[in-house]
Every structure is written in C-alpha cells, then in structure tokens.
Amino acid sequence: MPHVSLLFHDVYVREPGESGFNSPAADRYKLSLGEFESQLRGVAASRADAPALGTDLIAEHTGGASRFLVTVDDGGVSYFTIVADRLEALGWRGHCFVTTDCIGRKGFLTPNQIRELDARGHVIGSHSASHPARFSTCPPDDMWREWRRSRDVLEDVLGHPVAVASVPGGYFSRAVARSASQAGIRLLFTSEPTARIVDHGRCVVAGRFTVRAGARADFSARVVSSSATVCLGAWASWNLKKLAKPVLGSSYGRVADWLLVRNP
Ligand SMILES: [Zn+2]
C-alpha cells in the first residue's frame with residue numbers, strides 16, 4: 001500500500017529567521033505558527049489514525065493499510081520549541097531530519113534537544129552533514145561521506161544506531177540511494193511528491209509532499225486523505241519544476257512558488 005509523507009520545514013512565531021537556514025530560498029518553506037496549526041488541524045480532522053514512524057516502515061512497507069507520516073527537514077530549533085509539542089498534543093510523533101554540521105548553531109537544535117526529542121519518541125534522522133545545495137550532483141564519494149559523517153555525529157549524540165535520512169534539496173537519483181545504502185541508511189526520504197515506496201537494494205526510498213509557506217490551509221489534509229487531484233497536481237508541478245530549473249535561472253524560485261502554492 002502507498003504511504004503518504006508530509007514534509008515541513010521550520011515554523012516561526014514572529015519571523016522566519018527564528019529557526020533554521022536564513023535565506024529568501026529557505027523562507028519559502030517556513031510556516032508561521034498559525035499556518036502550521038491549520039495544516040495539523042486539517043490532517044487530524046481527516047484521519048482517525050496517528051502518523052506512522054519510519055522505523056516501522058523499514059520492517060513493513062508492503063501490504064496493510066495506507067499510513068501517513070510527518071517529517072520535518074533541516075534540524076532547525078523550532079522542531080523542539082514548537083513542532084514537537086503540537087504533534088504530541090495530538091498523540092503524534094514525527095521525524096526530525098538534522099543537518100549535523102549546524103547542530104548547536106544559532107537557530108538550530110542542540111545535542112541536548114536532539115536527545116530529548118529522541119527520548120520523547122520522535123525519529124531523529126540525518127539530513128546530511130553540510131546540506132549541499134544540489135546533493136544529487138555531488139560525486140558519489142562525497143555523498144557517502146556526507147551520510148557517514150552525519151550518521152556518526154547523530155549516533156554519538158543519541159547512543160544508538162540511526163538508519164533514517166532525508167535528501168537535502170530532495171532531488172533523487174540512483175546514486176543518491178546507493179550512497180545512502182552504503183552508508184547504512186535503511187529508509188531514505190526524497191522530496192519527490194509520490195506515495196510509492198521503492199526498494200533500492202537494502203535501502204527503502206519514499207517520496208514526500210512539501211507543505212510550503214502560503215499553501216492552502218487544507219493542503220496537508222487533502223494529501224493525507226489521498227486526494228488524487230492534489231497528489232497528481234503536485235507530481236506534475238514537481239516534474240515541470242525539475243525541467244524548468246535550468247531554464248529559469250534566478251526567476252526559478254518565484255515560478256516554483258506559483259506552481260506549487262497556487263496550484264498545489
Ligand atoms: Zn533541507
């Protein structure tokens with residue numbers, strides 16, 4: 001059965017610079033607290049079940065009912081200060097993907113916060129070490145080093161194995177899956193908007209649906225209730241976006257926003 005994963009980034013109370021990477025490009029993915037709570041309310045109203053955890057998915061991703069998952073990229077401090085509490089109030093847990101070179105920097109999680117989130121039942125995973133802008137274009141050895149270094153840091157912080165990761169920038173290639181698998185990752189999330197879960201050797205690869213700033217309040221609810229229209233729309237926009245990126249250059253971001261926000 002397909003499993004639908006939502007992808008969030010940072011959440012802020014007053015301004016986007018509070019958490020995570022600081023750039024106009026990063027800000028396009030950050031939700032205000034009001035936007036984030038609206039998305040969660042929509043999901044809670046449309047699903048009776050709690051989100052699944054990737055650690056369960058590694059063991060069992062074929063057969064059974066279609067589940068949904070909540071994932072958050074980058075390792076910004078808002079996972080600790082905002083996101084975790086909101087998820088736990090619903091009895092939910094999520095996935096926190098950490099850019100390990102940023103641990104302890106302003107706006108990012110500290111080792112103690114990562115340990116506490118792990119103890120509270122959230123899945124801590126790797127989002128690479130240095131967050132290369134276009135991960136899939138890195139040489140395979142660099143990809144492997146990014147995963148390996150990031151896993152080592154997280155395993156030192158947590159004291160247990162880490163086998164879940166998400167791709168920075170989201171773009172997927174077979175080389176990305178191979179490098180992750182060789183570095184011991186058993187479940188890898190991309191940002192390709194698909195509910196299909198594919199085995200790549202010893203690594204399971206799952207797509208995700210990105211919730212961006214300005215998304216309709218019911219975007220997540222429509223995704224997790226498997227609205228064929230919204231899923232197909234996101235898939236078509238993503239593929240158009242991939243084609244458009246080299247052509248549009250600096251205006252790419254604005255056009256991508258229009259495609260994904262106005263026509264989710
Ligand atoms: Zn990222």
# chains A, B, ... in the order shown; residues from 1 in each chain; ligands from 1
>>> residues_around(residues="Ser191 (chain A)", least_positions_apart="5", cutoff="12 Å", atoms="only C-alpha atoms", output="MDAnalysis selection string")
chainID A and resid 4:9 71:73 165:173 205:211 234:235 238:239 242
>>> select_by_dssp(residues="region 47-162 of chain A", states="strand (DSSP E or B)", output="PyMOL selection string")
chain A and resi 68-72+76+95-98+108+123-126
>>> write_last_selection(atoms="all heavy atoms", output="JSON list (two decimals), in the first residue's frame")
[["chain", "number", "residue", "atom", "x", "y", "z"],
["A", 68, "PHE", "N", 0.09, 7.55, 7.02],
["A", 68, "PHE", "CA", 0.71, 8.83, 6.70],
["A", 68, "PHE", "C", 1.82, 9.10, 7.70],
["A", 68, "PHE", "O", 1.84, 8.55, 8.81],
["A", 68, "PHE", "CB", -0.32, 9.96, 6.66],
["A", 68, "PHE", "CG", -0.77, 10.45, 8.01],
["A", 68, "PHE", "CD1", -0.25, 11.62, 8.54],
["A", 68, "PHE", "CD2", -1.72, 9.76, 8.74],
["A", 68, "PHE", "CE1", -0.66, 12.09, 9.78],
["A", 68, "PHE", "CE2", -2.14, 10.22, 9.98],
["A", 68, "PHE", "CZ", -1.61, 11.38, 10.50],
["A", 69, "LEU", "N", 2.78, 9.93, 7.28],
["A", 69, "LEU", "CA", 3.94, 10.24, 8.12],
["A", 69, "LEU", "C", 4.16, 11.75, 8.13],
["A", 69, "LEU", "O", 3.86, 12.43, 7.14],
["A", 69, "LEU", "CB", 5.22, 9.57, 7.60],
["A", 69, "LEU", "CG", 5.28, 8.04, 7.63],
["A", 69, "LEU", "CD1", 4.66, 7.43, 6.39],
["A", 69, "LEU", "CD2", 6.72, 7.57, 7.75],
["A", 70, "VAL", "N", 4.69, 12.25, 9.23],
["A", 70, "VAL", "CA", 5.03, 13.67, 9.35],
["A", 70, "VAL", "C", 6.55, 13.78, 9.43],
["A", 70, "VAL", "O", 7.18, 13.18, 10.31],
["A", 70, "VAL", "CB", 4.39, 14.29, 10.61],
["A", 70, "VAL", "CG1", 4.84, 15.75, 10.76],
["A", 70, "VAL", "CG2", 2.87, 14.20, 10.54],
["A", 71, "THR", "N", 7.15, 14.55, 8.51],
["A", 71, "THR", "CA", 8.60, 14.72, 8.52],
["A", 71, "THR", "C", 8.94, 16.21, 8.48],
["A", 71, "THR", "O", 8.19, 17.01, 7.91],
["A", 71, "THR", "CB", 9.28, 14.02, 7.32],
["A", 71, "THR", "OG1", 9.03, 14.77, 6.13],
["A", 71, "THR", "CG2", 8.77, 12.60, 7.14],
["A", 72, "VAL", "N", 10.04, 16.57, 9.10],
["A", 72, "VAL", "CA", 10.47, 17.97, 9.16],
["A", 72, "VAL", "C", 11.97, 18.02, 8.85],
["A", 72, "VAL", "O", 12.77, 17.36, 9.52],
["A", 72, "VAL", "CB", 10.20, 18.58, 10.56],
["A", 72, "VAL", "CG1", 10.63, 20.04, 10.60],
["A", 72, "VAL", "CG2", 8.72, 18.45, 10.93],
["A", 76, "GLY", "N", 16.21, 22.70, 12.34],
["A", 76, "GLY", "CA", 16.01, 24.00, 13.00],
["A", 76, "GLY", "C", 15.45, 23.81, 14.40],
["A", 76, "GLY", "O", 14.79, 22.82, 14.71],
["A", 95, "HIS", "N", 9.23, 12.97, 12.42],
["A", 95, "HIS", "CA", 10.62, 12.72, 12.05],
["A", 95, "HIS", "C", 11.35, 14.04, 11.96],
["A", 95, "HIS", "O", 10.90, 14.95, 11.28],
["A", 95, "HIS", "CB", 10.68, 12.03, 10.69],
["A", 95, "HIS", "CG", 9.95, 10.73, 10.65],
["A", 95, "HIS", "ND1", 8.58, 10.66, 10.66],
["A", 95, "HIS", "CD2", 10.40, 9.47, 10.63],
["A", 95, "HIS", "CE1", 8.21, 9.39, 10.65],
["A", 95, "HIS", "NE2", 9.29, 8.64, 10.63],
["A", 96, "CYS", "N", 12.47, 14.10, 12.61],
["A", 96, "CYS", "CA", 13.27, 15.33, 12.66],
["A", 96, "CYS", "C", 14.60, 15.05, 11.95],
["A", 96, "CYS", "O", 15.43, 14.30, 12.48],
["A", 96, "CYS", "CB", 13.48, 15.69, 14.13],
["A", 96, "CYS", "SG", 14.55, 17.09, 14.38],
["A", 97, "PHE", "N", 14.77, 15.63, 10.76],
["A", 97, "PHE", "CA", 15.98, 15.36, 9.97],
["A", 97, "PHE", "C", 16.99, 16.49, 10.16],
["A", 97, "PHE", "O", 16.71, 17.64, 9.82],
["A", 97, "PHE", "CB", 15.60, 15.16, 8.50],
["A", 97, "PHE", "CG", 14.85, 13.88, 8.30],
["A", 97, "PHE", "CD1", 13.51, 13.89, 7.95],
["A", 97, "PHE", "CD2", 15.48, 12.66, 8.49],
["A", 97, "PHE", "CE1", 12.81, 12.69, 7.80],
["A", 97, "PHE", "CE2", 14.80, 11.46, 8.34],
["A", 97, "PHE", "CZ", 13.46, 11.48, 7.99],
["A", 98, "VAL", "N", 18.13, 16.12, 10.69],
["A", 98, "VAL", "CA", 19.10, 17.10, 11.21],
["A", 98, "VAL", "C", 20.29, 17.27, 10.26],
["A", 98, "VAL", "O", 20.93, 16.30, 9.85],
["A", 98, "VAL", "CB", 19.61, 16.61, 12.58],
["A", 98, "VAL", "CG1", 20.65, 17.58, 13.14],
["A", 98, "VAL", "CG2", 18.45, 16.44, 13.56],
["A", 108, "PHE", "N", 19.43, 26.49, 15.36],
["A", 108, "PHE", "CA", 19.41, 25.04, 15.14],
["A", 108, "PHE", "C", 19.39, 24.28, 16.48],
["A", 108, "PHE", "O", 19.70, 24.85, 17.53],
["A", 108, "PHE", "CB", 20.62, 24.61, 14.31],
["A", 108, "PHE", "CG", 20.52, 25.04, 12.87],
["A", 108, "PHE", "CD1", 21.00, 26.28, 12.46],
["A", 108, "PHE", "CD2", 19.92, 24.21, 11.92],
["A", 108, "PHE", "CE1", 20.89, 26.69, 11.14],
["A", 108, "PHE", "CE2", 19.80, 24.61, 10.60],
["A", 108, "PHE", "CZ", 20.29, 25.85, 10.20],
["A", 123, "VAL", "N", 11.48, 10.39, 15.71],
["A", 123, "VAL", "CA", 12.55, 9.72, 14.98],
["A", 123, "VAL", "C", 13.57, 10.76, 14.54],
["A", 123, "VAL", "O", 13.23, 11.70, 13.82],
["A", 123, "VAL", "CB", 12.00, 8.97, 13.76],
["A", 123, "VAL", "CG1", 13.14, 8.36, 12.94],
["A", 123, "VAL", "CG2", 11.01, 7.90, 14.19],
["A", 124, "ILE", "N", 14.80, 10.60, 14.99],
["A", 124, "ILE", "CA", 15.87, 11.52, 14.59],
["A", 124, "ILE", "C", 16.61, 10.89, 13.41],
["A", 124, "ILE", "O", 17.03, 9.73, 13.48],
["A", 124, "ILE", "CB", 16.86, 11.75, 15.74],
["A", 124, "ILE", "CG1", 16.14, 12.21, 17.02],
["A", 124, "ILE", "CG2", 17.95, 12.74, 15.32],
["A", 124, "ILE", "CD1", 15.46, 13.54, 16.93],
["A", 125, "GLY", "N", 16.74, 11.65, 12.33],
["A", 125, "GLY", "CA", 17.42, 11.13, 11.16],
["A", 125, "GLY", "C", 18.42, 12.14, 10.61],
["A", 125, "GLY", "O", 18.47, 13.29, 11.04],
["A", 126, "SER", "N", 19.18, 11.68, 9.63],
["A", 126, "SER", "CA", 20.20, 12.53, 9.00],
["A", 126, "SER", "C", 19.60, 13.33, 7.85],
["A", 126, "SER", "O", 18.76, 12.84, 7.10],
["A", 126, "SER", "CB", 21.32, 11.64, 8.46],
["A", 126, "SER", "OG", 22.09, 12.37, 7.52]]
>>> closest_residue(among="A:Ala133, A:Leu40, A:Ala119, A:Val11", to="ligand 1", atoms="only C-alpha atoms and all ligand atoms")
A:Ala133
>>> residues_around(residues="Ser179 (chain A)", least_positions_apart="2", cutoff="8 Å", atoms="only C-alpha atoms", output="VMD selection string")
chain A and resid 140 to 141 143 to 144 147 175 to 177 181 to 183
>>> closest_residue(among="A:Ala89, A:Val43, A:Ala129, A:Ile58", to="ligand 1", atoms="only C-alpha atoms and all ligand atoms")
A:Ala129
>>> closest_residue(among="A:Arg148, A:Lys30, A:Arg174, A:Arg196", to="ligand 1", atoms="only C-alpha atoms and all ligand atoms")
A:Lys30
>>> closest_residue(among="A:His131, A:Ala84, A:Val77, A:Cys138", to="Thr110 (chain A)", atoms="only C-alpha atoms")
A:Val77
>>> atom_distance(atom1="CA of Ala221 (chain A)", atom2="CA of Arg41 (chain A)")
8.3 Å
>>> select_by_dssp(residues="region 2-240 of chain A", states="helix (DSSP H, G or I)", output="MDAnalysis selection string")
chainID A and resid 16:18 24:27 33:46 54:59 78:89 100:102 111:119 135:137 140:158 174:182 219:224 228:240
>>> atom_distance(atom1="CA of Gly94 (chain A)", atom2="CA of Tyr79 (chain A)")
9.5 Å
>>> residues_around(residues="Gly20 (chain A)", least_positions_apart="2", cutoff="9 Å", atoms="only C-alpha atoms", output="PyMOL selection string")
chain A and resi 9-10+16-18+22+26+30+74-78+102+106-109
>>> write_last_selection(atoms="N, CA, C and O atoms", output="PDB file, in the first residue's frame")
ATOM      1  N   HIS A   9       9.177  22.286   7.043  1.00  0.00           N
ATOM      2  CA  HIS A   9      10.494  22.808   7.433  1.00  0.00           C
ATOM      3  C   HIS A   9      10.287  23.564   8.754  1.00  0.00           C
ATOM      4  O   HIS A   9       9.583  23.081   9.613  1.00  0.00           O
ATOM      5  N   ASP A  10      10.897  24.734   8.889  1.00  0.00           N
ATOM      6  CA  ASP A  10      10.793  25.443  10.159  1.00  0.00           C
ATOM      7  C   ASP A  10       9.424  26.107  10.339  1.00  0.00           C
ATOM      8  O   ASP A  10       8.733  26.397   9.373  1.00  0.00           O
ATOM      9  N   PRO A  16      10.632  34.469  10.110  1.00  0.00           N
ATOM     10  CA  PRO A  16      11.236  33.207   9.658  1.00  0.00           C
ATOM     11  C   PRO A  16      12.671  32.994  10.150  1.00  0.00           C
ATOM     12  O   PRO A  16      13.117  31.851  10.269  1.00  0.00           O
ATOM     13  N   GLY A  17      13.399  34.090  10.461  1.00  0.00           N
ATOM     14  CA  GLY A  17      14.786  33.947  10.878  1.00  0.00           C
ATOM     15  C   GLY A  17      14.976  33.269  12.230  1.00  0.00           C
ATOM     16  O   GLY A  17      16.101  32.964  12.623  1.00  0.00           O
ATOM     17  N   GLU A  18      13.872  33.005  12.947  1.00  0.00           N
ATOM     18  CA  GLU A  18      13.990  32.397  14.283  1.00  0.00           C
ATOM     19  C   GLU A  18      14.589  30.996  14.243  1.00  0.00           C
ATOM     20  O   GLU A  18      15.205  30.556  15.207  1.00  0.00           O
ATOM     21  N   ASN A  22      18.921  30.736   7.020  1.00  0.00           N
ATOM     22  CA  ASN A  22      18.474  32.104   6.805  1.00  0.00           C
ATOM     23  C   ASN A  22      18.734  32.536   5.380  1.00  0.00           C
ATOM     24  O   ASN A  22      19.851  32.916   5.034  1.00  0.00           O
ATOM     25  N   ALA A  26      15.188  29.671   1.738  1.00  0.00           N
ATOM     26  CA  ALA A  26      14.761  28.862   2.886  1.00  0.00           C
ATOM     27  C   ALA A  26      13.419  29.356   3.418  1.00  0.00           C
ATOM     28  O   ALA A  26      12.562  28.566   3.823  1.00  0.00           O
ATOM     29  N   LYS A  30       9.172  28.014   5.162  1.00  0.00           N
ATOM     30  CA  LYS A  30       8.855  28.134   6.587  1.00  0.00           C
ATOM     31  C   LYS A  30       7.400  28.564   6.780  1.00  0.00           C
ATOM     32  O   LYS A  30       6.919  29.461   6.082  1.00  0.00           O
ATOM     33  N   ASP A  74      15.816  19.843   8.078  1.00  0.00           N
ATOM     34  CA  ASP A  74      16.846  20.852   8.316  1.00  0.00           C
ATOM     35  C   ASP A  74      17.420  20.867   9.737  1.00  0.00           C
ATOM     36  O   ASP A  74      18.548  21.266   9.935  1.00  0.00           O
ATOM     37  N   GLY A  75      16.614  20.482  10.759  1.00  0.00           N
ATOM     38  CA  GLY A  75      17.166  20.480  12.123  1.00  0.00           C
ATOM     39  C   GLY A  75      17.106  21.834  12.795  1.00  0.00           C
ATOM     40  O   GLY A  75      17.863  22.097  13.737  1.00  0.00           O
ATOM     41  N   GLY A  76      16.207  22.700  12.342  1.00  0.00           N
ATOM     42  CA  GLY A  76      16.010  23.996  12.999  1.00  0.00           C
ATOM     43  C   GLY A  76      15.448  23.811  14.404  1.00  0.00           C
ATOM     44  O   GLY A  76      14.786  22.818  14.707  1.00  0.00           O
ATOM     45  N   VAL A  77      15.707  24.813  15.261  1.00  0.00           N
ATOM     46  CA  VAL A  77      15.326  24.701  16.677  1.00  0.00           C
ATOM     47  C   VAL A  77      13.811  24.634  16.863  1.00  0.00           C
ATOM     48  O   VAL A  77      13.324  24.162  17.887  1.00  0.00           O
ATOM     49  N   SER A  78      13.041  25.077  15.852  1.00  0.00           N
ATOM     50  CA  SER A  78      11.584  25.080  16.023  1.00  0.00           C
ATOM     51  C   SER A  78      11.014  23.679  16.152  1.00  0.00           C
ATOM     52  O   SER A  78       9.897  23.521  16.651  1.00  0.00           O
ATOM     53  N   CYS A 102      25.240  21.825  11.482  1.00  0.00           N
ATOM     54  CA  CYS A 102      24.584  23.015  12.058  1.00  0.00           C
ATOM     55  C   CYS A 102      24.188  22.825  13.516  1.00  0.00           C
ATOM     56  O   CYS A 102      23.692  23.774  14.150  1.00  0.00           O
ATOM     57  N   LYS A 106      23.208  29.032  16.005  1.00  0.00           N
ATOM     58  CA  LYS A 106      22.016  29.860  16.242  1.00  0.00           C
ATOM     59  C   LYS A 106      20.875  29.404  15.315  1.00  0.00           C
ATOM     60  O   LYS A 106      21.080  29.265  14.108  1.00  0.00           O
ATOM     61  N   GLY A 107      19.713  29.153  15.912  1.00  0.00           N
ATOM     62  CA  GLY A 107      18.552  28.758  15.113  1.00  0.00           C
ATOM     63  C   GLY A 107      18.446  27.257  14.867  1.00  0.00           C
ATOM     64  O   GLY A 107      17.484  26.801  14.247  1.00  0.00           O
ATOM     65  N   PHE A 108      19.434  26.493  15.358  1.00  0.00           N
ATOM     66  CA  PHE A 108      19.414  25.036  15.137  1.00  0.00           C
ATOM     67  C   PHE A 108      19.390  24.282  16.481  1.00  0.00           C
ATOM     68  O   PHE A 108      19.703  24.848  17.535  1.00  0.00           O
ATOM     69  N   LEU A 109      19.015  23.013  16.404  1.00  0.00           N
ATOM     70  CA  LEU A 109      18.913  22.176  17.607  1.00  0.00           C
ATOM     71  C   LEU A 109      20.283  21.965  18.256  1.00  0.00           C
ATOM     72  O   LEU A 109      21.308  21.943  17.578  1.00  0.00           O
TER      73      LEU A 109
END
>>> residues_around(residues="Ser130 (chain A)", least_positions_apart="5", cutoff="9 Å", atoms="only C-alpha atoms", output="list in words")
Thr99, Thr100, Asp101, Cys102, Glu146 and Ser150 of chain A
>>> closest_residue(among="A:Arg67, A:Arg105, A:Arg93, A:Arg28", to="ligand 1", atoms="only C-alpha atoms and all ligand atoms")
A:Arg28
>>> closest_residue(among="A:Leu53, A:Val153, A:Ile185, A:Val13", to="Gly121 (chain A)", atoms="only C-alpha atoms")
A:Leu53
>>> atom_distance(atom1="CA of Ala163 (chain A)", atom2="CA of Phe189 (chain A)")
11.5 Å
>>> residues_around(residues="Arg47 (chain A)", least_positions_apart="3", cutoff="8 Å", atoms="only C-alpha atoms", output="PyMOL selection string")
chain A and resi 43-44+50+224-225
>>> residues_around(residues="Gly42 (chain A)", least_positions_apart="5", cutoff="8 Å", atoms="only C-alpha atoms", output="list of chain:residue names")
A:Ala217, A:Asp218, A:Ser220, A:Ala221
>>> write_last_selection(atoms="N, CA, C and O atoms", output="PDB file, in the first residue's frame")
ATOM      1  N   ALA A 217      -4.782  26.108   3.396  1.00  0.00           N
ATOM      2  CA  ALA A 217      -4.867  25.561   4.752  1.00  0.00           C
ATOM      3  C   ALA A 217      -5.221  24.081   4.749  1.00  0.00           C
ATOM      4  O   ALA A 217      -4.876  23.347   5.674  1.00  0.00           O
ATOM      5  N   ASP A 218      -5.893  23.629   3.675  1.00  0.00           N
ATOM      6  CA  ASP A 218      -6.305  22.223   3.638  1.00  0.00           C
ATOM      7  C   ASP A 218      -5.357  21.365   2.781  1.00  0.00           C
ATOM      8  O   ASP A 218      -5.684  20.225   2.457  1.00  0.00           O
ATOM      9  N   SER A 220      -2.423  19.814   3.413  1.00  0.00           N
ATOM     10  CA  SER A 220      -1.984  18.549   4.030  1.00  0.00           C
ATOM     11  C   SER A 220      -3.149  17.574   4.169  1.00  0.00           C
ATOM     12  O   SER A 220      -2.981  16.367   3.945  1.00  0.00           O
ATOM     13  N   ALA A 221      -4.309  18.102   4.545  1.00  0.00           N
ATOM     14  CA  ALA A 221      -5.481  17.230   4.714  1.00  0.00           C
ATOM     15  C   ALA A 221      -5.817  16.551   3.401  1.00  0.00           C
ATOM     16  O   ALA A 221      -6.135  15.355   3.364  1.00  0.00           O
TER      17      ALA A 221
END
